[in-house]
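Data block for run.cif (mmCIF, C-alpha atoms and all ligand atoms):
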```
data_structure
loop_
_atom_site.label_atom_id
_atom_site.label_comp_id
_atom_site.auth_asym_id
_atom_site.auth_seq_id
_atom_site.Cartn_x
_atom_site.Cartn_y
_atom_site.Cartn_z
CA MET O 10 -22.96 -5.43 -6.36
CA MET O 11 -24.06 -3.33 -3.48
CA GLU O 12 -24.85 0.33 -3.98
CA VAL O 13 -23.81 2.85 -1.42
CA GLU O 14 -24.94 6.45 -1.13
CA ASP O 15 -22.05 8.79 -1.80
CA CYS O 16 -22.42 11.54 0.77
CA ASN O 17 -20.50 14.13 -1.26
CA ASN O 18 -22.72 14.55 -4.29
CA GLY O 19 -25.72 12.39 -3.68
CA ASN O 20 -24.95 10.13 -6.63
CA SER O 21 -25.32 6.45 -6.18
CA SER O 22 -21.88 4.92 -6.34
CA ILE O 23 -19.73 2.47 -4.52
CA SER O 24 -16.45 3.19 -2.87
CA LEU O 25 -13.32 1.11 -3.28
CA PHE O 26 -13.90 -0.42 0.10
CA ASP O 27 -17.22 -1.86 -1.05
CA LEU O 28 -15.64 -3.89 -3.79
CA PRO O 29 -15.59 -7.57 -2.94
CA ILE O 30 -12.38 -8.59 -1.25
CA GLU O 31 -11.80 -11.20 -3.98
CA SER O 32 -11.40 -8.46 -6.61
CA LEU O 33 -9.01 -6.55 -4.43
CA THR O 34 -6.90 -9.57 -3.61
CA ASN O 35 -6.86 -10.41 -7.29
CA ILE O 36 -5.44 -6.98 -8.09
CA ALA O 37 -3.05 -7.26 -5.18
CA SER O 38 -1.71 -10.56 -6.49
CA TYR O 39 -0.26 -8.78 -9.52
CA LEU O 40 1.67 -6.30 -7.42
CA ARG O 41 5.15 -6.56 -6.03
CA LYS O 42 5.30 -6.99 -2.29
CA SER O 43 6.15 -3.39 -1.45
CA SER O 44 3.52 -2.08 -3.87
CA ARG O 45 1.00 -4.45 -2.33
CA ALA O 46 1.77 -3.07 1.10
CA LEU O 47 1.18 0.47 -0.16
CA PHE O 48 -1.99 -0.60 -1.99
CA THR O 49 -3.42 -2.26 1.11
CA VAL O 50 -2.65 0.69 3.31
CA ALA O 51 -3.86 3.25 0.76
CA LEU O 52 -7.26 1.56 0.55
CA ALA O 53 -7.61 1.31 4.29
CA TYR O 54 -6.39 4.83 4.79
CA ASP O 55 -8.63 6.29 2.14
CA HIS O 56 -11.76 4.58 3.32
CA ASN O 57 -11.48 5.30 6.98
CA ASN O 58 -10.18 8.81 6.66
CA VAL O 59 -8.54 8.59 10.05
CA GLN O 60 -5.16 9.55 11.38
CA VAL O 61 -2.48 7.02 10.56
CA ARG O 62 -2.03 6.17 14.20
CA ASP O 63 -5.70 5.32 14.74
CA LEU O 64 -5.85 3.15 11.69
CA CYS O 65 -4.56 -0.02 13.28
CA GLY O 66 -7.16 0.10 16.01
CA ILE O 67 -9.97 -0.47 13.54
CA ARG O 68 -11.09 -4.04 14.01
CA SER O 69 -12.68 -4.63 10.64
CA LEU O 70 -9.28 -4.01 9.13
CA HIS O 71 -7.65 -7.00 10.72
CA SER O 72 -9.23 -9.65 8.53
CA TRP O 73 -8.79 -7.36 5.58
CA ARG O 74 -5.14 -6.93 6.23
CA LYS O 75 -4.80 -10.65 6.60
CA GLN O 76 -6.48 -11.44 3.32
CA LEU O 77 -4.81 -8.78 1.22
CA SER O 78 -1.38 -9.20 2.63
CA ALA O 79 -1.50 -13.00 2.51
CA VAL O 80 -1.86 -12.98 -1.26
CA GLY O 81 1.76 -13.80 -2.04
CA GLY O 82 2.17 -15.94 1.05
CA GLU O 83 5.11 -13.78 2.12
CA ARG O 84 6.07 -12.80 5.59
CA TRP O 85 5.71 -9.17 6.44
CA ASP O 86 8.71 -8.83 8.70
CA ILE O 87 10.74 -7.73 5.69
CA LEU O 88 9.73 -4.49 3.98
CA ASP O 89 11.77 -3.61 0.94
CA PHE O 90 10.82 -0.29 -0.63
CA GLY O 91 14.02 -0.51 -2.60
CA ASP O 92 12.23 -2.67 -5.15
CA LEU O 93 9.69 0.03 -5.99
CA GLU O 94 9.91 1.94 -9.25
CA ARG O 95 12.26 4.85 -8.63
CA ASP O 96 9.62 7.41 -9.57
CA LEU O 97 7.15 6.08 -7.04
CA ALA O 98 9.79 5.65 -4.33
CA ARG O 99 10.82 9.28 -4.78
CA ARG O 100 7.26 10.48 -4.25
CA LEU O 101 6.62 8.61 -1.00
CA CYS O 102 6.55 10.79 2.08
CA ASP O 103 7.01 9.98 5.75
CA SER O 104 3.33 9.40 6.46
CA ASP O 105 3.11 6.81 3.65
CA ILE O 106 5.96 4.78 5.08
CA GLU O 107 4.83 5.23 8.65
CA ALA O 108 1.34 4.00 7.75
CA VAL O 109 2.82 0.84 6.24
CA LEU O 110 5.07 0.26 9.25
CA LEU O 111 2.15 0.62 11.63
CA PHE O 112 -0.19 -1.43 9.50
CA PHE O 113 2.23 -4.34 9.31
CA ASP O 114 3.10 -4.22 12.96
CA ALA O 115 6.35 -2.30 13.27
CA VAL O 116 7.51 -4.22 16.35
CA HIS O 117 7.88 -7.39 14.27
CA ILE O 118 9.77 -5.86 11.37
CA ARG O 119 13.22 -7.37 10.94
CA LYS O 120 14.43 -5.75 7.75
CA LEU O 121 13.57 -2.39 6.27
CA ARG O 122 14.98 -1.03 3.07
CA LEU O 123 14.25 2.56 2.12
CA SER O 124 16.65 3.14 -0.74
CA ASN O 125 15.42 5.67 -3.32
CA CYS O 126 12.77 7.06 -0.97
CA THR O 127 14.50 10.43 -1.24
CA ASN O 128 11.49 12.47 -0.20
CA ILE O 129 11.30 11.23 3.38
CA LYS O 130 12.66 13.09 6.36
CA GLY O 131 13.06 10.21 8.80
CA SER O 132 10.05 10.79 11.04
CA CYS O 133 8.45 7.69 9.46
CA LEU O 134 10.84 5.56 11.52
CA GLU O 135 9.16 6.52 14.78
CA PRO O 136 7.24 3.18 15.04
CA LEU O 137 10.62 1.42 15.16
CA ARG O 138 11.81 3.31 18.21
CA GLY O 139 13.54 0.94 20.64
CA SER O 140 12.80 -2.06 18.40
CA LEU O 141 14.25 -5.34 19.61
CA MET O 142 13.46 -7.14 16.35
CA LEU O 143 15.01 -4.87 13.75
CA GLU O 144 18.07 -6.55 12.26
CA GLN O 145 18.78 -4.53 9.18
CA ILE O 146 17.97 -1.06 7.94
CA ASP O 147 18.94 0.55 4.67
CA LEU O 148 18.90 4.32 4.92
CA SER O 149 20.20 5.13 1.46
CA PHE O 150 17.33 7.57 1.10
CA ALA O 151 19.30 10.29 2.80
CA GLY O 152 22.44 11.85 1.45
CA ASP O 153 23.60 14.97 -0.30
CA ASN O 154 20.21 16.30 -1.21
CA ASN O 155 18.38 15.01 1.82
CA ILE O 156 20.69 15.65 4.74
CA GLY O 157 17.70 16.75 6.81
CA ALA O 158 16.61 13.12 7.09
CA LEU O 159 19.66 12.02 9.05
CA PRO O 160 19.01 13.50 12.53
CA ALA O 161 15.55 11.93 12.84
CA SER O 162 16.92 8.57 11.67
CA LEU O 163 19.85 8.74 14.08
CA TYR O 164 17.46 9.49 16.90
CA ILE O 165 15.61 6.23 16.25
CA LEU O 166 18.82 4.25 15.67
CA ASN O 167 20.17 5.52 18.99
CA SER O 168 17.07 4.27 20.78
CA ILE O 169 17.60 0.81 19.26
CA VAL O 170 21.33 0.59 19.94
CA GLU O 171 20.74 1.57 23.56
CA ARG O 172 18.57 -1.50 24.17
CA GLU O 173 20.51 -4.32 25.67
CA CYS O 174 19.10 -7.14 23.55
CA SER O 175 18.88 -5.28 20.27
CA SER O 176 18.98 -7.55 17.21
CA LEU O 177 20.52 -4.91 14.96
CA ARG O 178 23.21 -6.36 12.73
CA HIS O 179 23.48 -4.20 9.66
CA ILE O 180 23.00 -0.52 8.91
CA GLN O 181 23.44 0.86 5.44
CA PHE O 182 24.08 4.58 5.54
CA PRO O 183 24.04 6.71 2.42
CA ASP O 184 27.23 8.44 1.37
CA ILE O 185 27.81 10.65 4.42
CA ARG O 186 31.47 11.39 3.78
CA GLU O 187 30.91 15.08 3.10
CA ILE O 188 28.60 15.56 6.05
CA VAL O 189 31.08 13.87 8.37
CA LEU O 190 33.93 16.06 7.13
CA ASP O 191 31.81 19.19 7.44
CA ARG O 192 32.19 19.54 11.22
CA THR O 193 28.59 20.67 11.56
CA GLU O 194 26.15 19.50 14.21
CA SER O 195 25.06 16.59 11.98
CA SER O 196 28.66 15.56 11.71
CA SER O 197 29.14 15.25 15.48
CA GLU O 198 25.79 13.45 15.84
CA ILE O 199 26.88 10.88 13.28
CA LYS O 200 30.26 10.37 14.92
CA HIS O 201 28.63 10.02 18.30
CA PHE O 202 26.26 7.39 16.96
CA ILE O 203 29.02 5.42 15.25
CA THR O 204 31.01 5.31 18.48
CA LYS O 205 27.98 3.97 20.28
CA TYR O 206 27.30 1.46 17.53
CA ASN O 207 30.87 0.14 17.72
CA GLN O 208 30.55 -0.20 21.49
CA MET O 209 27.36 -2.20 21.02
CA TRP O 210 29.24 -4.66 18.82
CA LYS O 211 32.16 -5.03 21.21
CA LYS O 212 29.78 -5.94 24.01
CA ARG O 213 28.31 -8.82 22.04
CA ASP O 214 29.67 -12.28 22.75
CA ASN O 215 30.51 -14.63 20.05
CA VAL O 216 29.70 -12.83 16.82
CA SER O 217 31.08 -15.58 14.71
CA CYS O 218 32.30 -15.72 11.16
CA SER O 219 29.82 -17.64 9.01
CA LYS O 220 32.68 -19.53 7.32
CA CYS O 221 35.16 -20.50 10.05
CA ASN O 222 33.24 -19.74 13.24
CA THR O 223 35.95 -17.44 14.63
CA ASP O 224 34.64 -14.81 17.01
CA ILE O 225 35.13 -11.66 14.95
CA ASN O 226 35.49 -9.46 18.04
CA ILE O 227 38.41 -11.58 19.22
CA SER O 228 40.07 -11.99 15.84
CA GLY O 229 39.77 -8.23 15.22
CA GLY O 230 41.72 -7.38 18.37
CA ASN O 231 41.24 -4.55 20.83
CA ASN O 232 40.79 -1.81 18.30
CA ILE O 233 38.18 -3.57 16.24
CA ARG O 234 35.68 -1.27 14.53
CA TRP O 235 32.53 -2.59 12.94
CA MET O 236 31.81 0.71 11.29
CA ASN O 237 34.21 3.42 10.16
CA ILE O 238 33.56 7.13 10.63
CA PHE O 239 31.99 7.36 7.19
CA GLY O 240 29.29 4.90 8.15
CA ILE O 241 30.63 1.89 6.22
CA GLN O 242 29.96 -1.36 8.07
CA PHE O 243 32.62 -4.06 7.86
CA TYR O 244 32.48 -7.87 8.12
CA THR O 245 28.83 -8.01 7.02
CA CYS O 246 27.14 -8.83 3.72
CA ALA O 247 24.49 -6.20 3.00
CA ALA O 248 22.21 -8.80 1.40
CA CYS O 249 22.27 -11.88 3.65
CA THR O 250 23.78 -10.09 6.73
CA ARG O 251 26.13 -13.00 7.36
CA PHE O 252 29.45 -12.14 9.02
CA PHE O 253 32.90 -12.82 7.59
CA CYS O 254 36.17 -12.46 9.49
CA ASP O 255 39.01 -10.59 7.75
CA GLU O 256 40.68 -13.77 6.68
CA CYS O 257 37.59 -15.37 5.16
CA ALA O 258 36.46 -12.05 3.66
CA SER O 259 39.64 -11.72 1.61
CA GLU O 260 39.65 -15.33 0.48
CA VAL O 261 39.61 -15.62 -3.28
CA VAL O 262 36.54 -17.38 -4.53
CA GLU O 263 36.79 -19.76 -7.44
CA ASP O 264 36.80 -17.84 -10.71
CA LYS O 265 33.67 -18.33 -12.72
CA PRO O 266 34.32 -16.77 -16.12
CA GLU O 267 30.79 -17.59 -17.26
CA LEU O 268 29.59 -15.25 -14.50
CA GLY O 269 32.16 -12.64 -15.40
CA ARG O 270 34.08 -13.01 -12.17
CA VAL O 271 37.73 -12.08 -12.00
CA ASP O 272 39.59 -12.89 -8.77
CA MET O 273 36.45 -12.40 -6.79
CA GLN O 274 36.76 -11.93 -3.06
CA MET O 275 34.44 -13.69 -0.60
CA LEU O 276 33.30 -10.34 0.77
CA ALA O 277 33.83 -7.34 -1.49
CA PHE O 278 32.97 -3.68 -1.29
CA CYS O 279 31.14 -1.98 -4.15
CA ALA O 280 32.77 1.42 -4.56
CA HIS O 281 29.63 2.81 -6.17
CA CYS O 282 26.75 1.88 -3.82
CA GLN O 283 29.11 1.50 -0.84
CA LYS O 284 27.82 -1.93 0.11
CA ASN O 285 29.70 -5.04 1.10
CA TYR O 286 28.38 -8.16 -0.61
CA CYS O 287 29.40 -11.78 -0.25
CA ALA O 288 30.14 -13.93 -3.29
CA ASP O 289 27.02 -16.01 -2.69
CA CYS O 290 24.74 -12.97 -2.90
CA LYS O 291 26.03 -10.75 -5.68
CA ARG O 292 28.32 -10.86 -8.59
CA MET O 293 31.07 -8.28 -8.22
CA ASN O 294 33.19 -7.03 -11.09
CA ARG O 295 36.61 -5.63 -10.52
CA CYS O 296 37.82 -2.65 -12.45
CA GLN O 297 40.45 -3.98 -14.89
CA VAL O 298 41.83 -0.64 -15.98
CA GLY O 299 45.40 -1.39 -14.90
CA ILE O 300 47.47 -0.77 -11.79
CA GLU O 301 45.73 2.39 -10.62
CA CYS O 302 42.37 0.98 -9.64
CA ASP O 303 41.16 -2.36 -8.41
CA GLN O 304 37.82 -1.43 -6.93
CA TYR O 305 34.78 -3.64 -7.20
CA ILE O 306 31.42 -2.68 -8.65
CA CYS O 307 28.41 -4.84 -7.82
CA CYS O 308 26.12 -6.18 -10.53
CA ASP O 309 23.25 -3.98 -9.33
CA CYS O 310 25.16 -0.79 -9.99
CA ASN O 311 25.16 0.17 -13.61
CA TYR O 312 28.62 1.65 -13.27
CA LEU O 313 30.93 -0.46 -15.39
CA ARG O 314 32.10 0.55 -18.86
CA GLU O 315 34.13 -1.33 -21.42
CA CYS O 316 37.54 -0.21 -22.56
CA SER O 317 37.25 1.26 -26.06
CA GLY O 318 40.16 -0.86 -27.24
CA CYS O 319 39.48 -4.27 -25.67
CA THR O 320 36.87 -6.12 -23.68
CA PHE O 321 38.26 -5.24 -20.25
CA LYS O 322 35.81 -3.59 -17.90
CA MET O 323 36.52 -0.38 -16.09
CA CYS O 324 34.62 1.45 -13.38
CA GLY O 325 32.79 4.69 -14.14
CA ASP O 326 35.35 6.69 -12.15
CA CYS O 327 38.20 5.46 -14.32
CA PHE O 328 36.20 5.88 -17.49
CA ASN O 329 35.48 9.52 -16.70
CA GLU O 330 39.06 10.17 -15.70
CA ARG O 331 40.48 8.64 -18.85
CA ARG O 332 37.86 9.78 -21.31
CA CYS O 333 39.74 11.21 -24.28
CA ASP O 334 37.19 12.15 -26.90
CA LYS O 335 33.42 12.00 -26.58
CA ASN O 336 32.88 8.48 -25.36
CA LYS O 337 36.21 6.74 -25.51
CA ALA O 338 38.54 5.67 -22.75
CA TYR O 339 41.38 3.15 -22.81
CA CYS O 340 42.81 0.80 -20.22
CA ASP O 341 46.55 0.62 -19.42
CA PHE O 342 47.02 -2.22 -21.85
CA CYS O 343 45.53 -0.37 -24.82
CA GLU O 344 46.87 3.12 -24.28
ZN ZN T 401 36.34 -16.67 9.06
ZN ZN T 402 25.56 -12.43 1.33
ZN ZN T 403 26.91 -1.44 -6.05
ZN ZN T 404 41.79 -2.05 -23.09
ZN ZN T 405 38.47 1.91 -11.78
#
```
Now, as a test, write the supplied structure out as structure tokens.
Ligand SMILES: [Zn+2]
Ligand SMILES: [Zn+2]
Ligand SMILES: [Zn+2]
Ligand SMILES: [Zn+2]
Ligand SMILES: [Zn+2]
Amino acid sequence: MMEVEDCNNGNSSISLFDLPIESLTNIASYLRKSSRALFTVALAYDHNNVQVRDLCGIRSLHSWRKQLSAVGGERWDILDFGDLERDLARRLCDSDIEAVLLFFDAVHIRKLRLSNCTNIKGSCLEPLRGSLMLEQIDLSFAGDNNIGALPASLYILNSIVERECSSLRHIQFPDIREIVLDRTESSSEIKHFITKYNQMWKKRDNVSCSKCNTDINISGGNNIRWMNIFGIQFYTCAACTRFFCDECASEVVEDKPELGRVDMQMLAFCAHCQKNYCADCKRMNRCQVGIECDQYICCDCNYLRECSGCTFKMCGDCFNERRCDKNKAYCDFCE
């Protein structure tokens, strides 16, 4: 192995960058895609000690990027930081994300998921400004304790929605209910954006239902809204981004008891993570507490409890409401 003079202390040592690419790609092959992206960028960033923006201009990095990022054979137009360990996601800052976006060619990115990246303030989205490729963005990093991240994100989203041929088809906002009701400046910025977003949808021709081909804009009538004022997008599955008209969305899908489904709807809204999912993408469980609640909880959200008297499931909201002693709550049928 080659020895390189370390300029800091005069000791002979090698830097990470001097390790043979085979060793690095071998390490990379054990990492999840999002971790691999961070690993690749961290090495490049560390070695070159340059500003994030200059990084991509370095020619030697191109083959490097190719080799390291090709390990899993995936495409890099989808970046999902939502699959990172929560602890790591929480520690990422804007420059980390921005570096990855720039390194993997932000103009080609189609899907970006930033859930759990609660430390970012939104400036990392700058490389996506005016993007014509971006189809889906998950901004669940913002919210109650990170309201500051919304204005910067809205600024970028506005620049995308304003483009005539934007590909945008799904935005996942965090829970912005309280901010919207607050009547602050953020609240009016959000409302303004949502109005613009709805106008963008109305202008599109032939946004057809993936099941019956109906044009959703036509079937929804003149007052159709694709997003309500609390930032919840309708008609769209948050996982596959297919569209479903009202009629097909409410269609009951065949019960599959072995999957735990009870009168499952084709497109259902998880009351906990506030996402719409289609029956092909996620299993949804309906709260079985009785007549008061029939909300769905998706299988990703760990928010279903069991009635203390039978095997019926109830959502966390109902469980907390009905909790009698320490950890017991009963459904209507057991009370
Ligand atoms: Zn339909
Ligand atoms: Zn789906
Ligand atoms: Zn959920
Ligand atoms: Zn019960
Ligand atoms: Zn419930």
Which value, in Å to one decimal, gives the distance between atom CA of Ile227 of chain O and atom CA of Ser259 of chain O?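 Separating atom CA of Ile227 of chain O from atom CA of Ser259 of chain O is a distance of 17.7 Å.
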To one decimal place in Å, what is the distance between atom CA of Ser43 of chain O and atom CA of Leu313 of chain O?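 Result for atom CA of Ser43 of chain O versus atom CA of Leu313 of chain O: 28.6 Å, one decimal.
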Hey, could you make a per-residue contact list for chain O against ligand ZN 402 (chain T) with 6 Å as the cut-off, showing the nearest pair of atoms and its distance in Å to one decimal, counting all atoms listed in the file, sorted by chain and number, as a Markdown table?
```
| residue | atom | partner | partner_atom | distance |
| --- | --- | --- | --- | --- |
| O:Cys246 | CA | T:ZN402 | ZN | 4.6 |
| O:Ala248 | CA | T:ZN402 | ZN | 4.9 |
| O:Cys249 | CA | T:ZN402 | ZN | 4.1 |
| O:Tyr286 | CA | T:ZN402 | ZN | 5.5 |
| O:Cys287 | CA | T:ZN402 | ZN | 4.2 |
| O:Asp289 | CA | T:ZN402 | ZN | 5.6 |
| O:Cys290 | CA | T:ZN402 | ZN | 4.3 |
```
Residues within 10 Å of (3.5, -0.6, 4.7), file coordinates, counting only C-alpha atoms: what are they? Give the list as a CSV table (one decimal) with C-alpha atoms, in the coordinates of the input.
```
chain,number,residue,atom,x,y,z
O,42,LYS,CA,5.3,-7.0,-2.3
O,43,SER,CA,6.2,-3.4,-1.4
O,44,SER,CA,3.5,-2.1,-3.9
O,45,ARG,CA,1.0,-4.4,-2.3
O,46,ALA,CA,1.8,-3.1,1.1
O,47,LEU,CA,1.2,0.5,-0.2
O,48,PHE,CA,-2.0,-0.6,-2.0
O,49,THR,CA,-3.4,-2.3,1.1
O,50,VAL,CA,-2.6,0.7,3.3
O,51,ALA,CA,-3.9,3.2,0.8
O,85,TRP,CA,5.7,-9.2,6.4
O,88,LEU,CA,9.7,-4.5,4.0
O,89,ASP,CA,11.8,-3.6,0.9
O,90,PHE,CA,10.8,-0.3,-0.6
O,105,ASP,CA,3.1,6.8,3.6
O,106,ILE,CA,6.0,4.8,5.1
O,107,GLU,CA,4.8,5.2,8.6
O,108,ALA,CA,1.3,4.0,7.8
O,109,VAL,CA,2.8,0.8,6.2
O,110,LEU,CA,5.1,0.3,9.2
O,111,LEU,CA,2.2,0.6,11.6
O,112,PHE,CA,-0.2,-1.4,9.5
O,113,PHE,CA,2.2,-4.3,9.3
O,114,ASP,CA,3.1,-4.2,13.0
O,115,ALA,CA,6.4,-2.3,13.3
```
Env. residues ligand ZN 404 (chain T) / 12 Å / only C-alpha atoms and all ligand atoms / as a PyMOL selection string: chain O and resi 296-299+314-323+328+331+337-344
Residues at most 6 Å from ligand ZN 403 (chain T), using all atoms listed in the file? Could they come as a VMD selection string? chain O and resid 279 281 to 282 306 to 307 309 to 310
Residues at most 12 Å from ligand ZN 401 (chain T), using only C-alpha atoms and all ligand atoms? Could they come as a list in words?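 Going residue by residue within 12 Å of ligand ZN 401 (chain T), we get Val216, Ser217, Cys218, Ser219, Lys220, Cys221, Asn222, Thr223, Asp224, Ile225, Asn226, Ile227, Ser228, Gly229, Tyr244, Thr245, Arg251, Phe252, Phe253, Cys254, Asp255, Glu256, Cys257, Ala258, Ser259, Glu260, Met275 and Leu276 of chain O.
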Prev. selection, C-alpha atoms, output as a tab-separated table (two decimals), in the frame of the given file:
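Contents of the output file result03.tsv:
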```tsv
chain	number	residue	atom	x	y	z
O	216	VAL	CA	29.70	-12.83	16.82
O	217	SER	CA	31.08	-15.58	14.71
O	218	CYS	CA	32.30	-15.72	11.16
O	219	SER	CA	29.82	-17.64	9.01
O	220	LYS	CA	32.68	-19.53	7.32
O	221	CYS	CA	35.16	-20.50	10.05
O	222	ASN	CA	33.24	-19.74	13.24
O	223	THR	CA	35.95	-17.44	14.63
O	224	ASP	CA	34.64	-14.81	17.01
O	225	ILE	CA	35.13	-11.66	14.95
O	226	ASN	CA	35.49	-9.46	18.04
O	227	ILE	CA	38.41	-11.58	19.22
O	228	SER	CA	40.07	-11.99	15.84
O	229	GLY	CA	39.77	-8.23	15.22
O	244	TYR	CA	32.48	-7.87	8.12
O	245	THR	CA	28.83	-8.01	7.02
O	251	ARG	CA	26.13	-13.00	7.36
O	252	PHE	CA	29.45	-12.14	9.02
O	253	PHE	CA	32.90	-12.82	7.59
O	254	CYS	CA	36.17	-12.46	9.49
O	255	ASP	CA	39.01	-10.59	7.75
O	256	GLU	CA	40.68	-13.77	6.68
O	257	CYS	CA	37.59	-15.37	5.16
O	258	ALA	CA	36.46	-12.05	3.66
O	259	SER	CA	39.64	-11.72	1.61
O	260	GLU	CA	39.65	-15.33	0.48
O	275	MET	CA	34.44	-13.69	-0.60
O	276	LEU	CA	33.30	-10.34	0.77
```
Which residues are near segment 205-214 of chain O? Cut-off 10 Å, only C-alpha atoms, ignore same chain within fewer than 3 positions. Put them as an NGL selection string. :O and (166-167 or 169-175 or 177-178 or 180 or 199-202 or 217 or 224-227 or 231-237 or 242)
Would you export the selected residues with C-alpha atoms as a compact mmCIF listing (two decimals), in the frame of the given file, please?
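Heads up, here's the output in out_11.txt:
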```
# COMPACT_ATOMS: atom_id res chain seq x y z
CA LEU O 166 18.82 4.25 15.67
CA ASN O 167 20.17 5.52 18.99
CA ILE O 169 17.60 0.81 19.26
CA VAL O 170 21.33 0.59 19.94
CA GLU O 171 20.74 1.57 23.56
CA ARG O 172 18.57 -1.50 24.17
CA GLU O 173 20.51 -4.32 25.67
CA CYS O 174 19.10 -7.14 23.55
CA SER O 175 18.88 -5.28 20.27
CA LEU O 177 20.52 -4.91 14.96
CA ARG O 178 23.21 -6.36 12.73
CA ILE O 180 23.00 -0.52 8.91
CA ILE O 199 26.88 10.88 13.28
CA LYS O 200 30.26 10.37 14.92
CA HIS O 201 28.63 10.02 18.30
CA PHE O 202 26.26 7.39 16.96
CA SER O 217 31.08 -15.58 14.71
CA ASP O 224 34.64 -14.81 17.01
CA ILE O 225 35.13 -11.66 14.95
CA ASN O 226 35.49 -9.46 18.04
CA ILE O 227 38.41 -11.58 19.22
CA ASN O 231 41.24 -4.55 20.83
CA ASN O 232 40.79 -1.81 18.30
CA ILE O 233 38.18 -3.57 16.24
CA ARG O 234 35.68 -1.27 14.53
CA TRP O 235 32.53 -2.59 12.94
CA MET O 236 31.81 0.71 11.29
CA ASN O 237 34.21 3.42 10.16
CA GLN O 242 29.96 -1.36 8.07
```
Interatomic distance between atom CA of Asp86 of chain O and atom CA of Ala98 of chain O? 19.5 Å
Determine the nearest neighbour of ligand ZN 405 (chain T) from the options O:Ala280, O:Ala37, O:Val116, O:Cys308, counting only C-alpha atoms and all ligand atoms. O:Ala280
Out of O:Gly139, O:Gly157, O:Gly325, O:Gly240, which residue has the shortest atom-to-atom distance to ligand ZN 405 (chain T) when counting all atoms listed in the file?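 Of all the options, O:Gly325 lies closest to ligand ZN 405 (chain T).
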Go through O:Phe150, O:Tyr305, O:Phe243, O:Tyr164 and flag the residue nearest ligand ZN 405 (chain T), using all atoms listed in the file for the distances.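 Distance minimum relative to ligand ZN 405 (chain T) lands on O:Tyr305.
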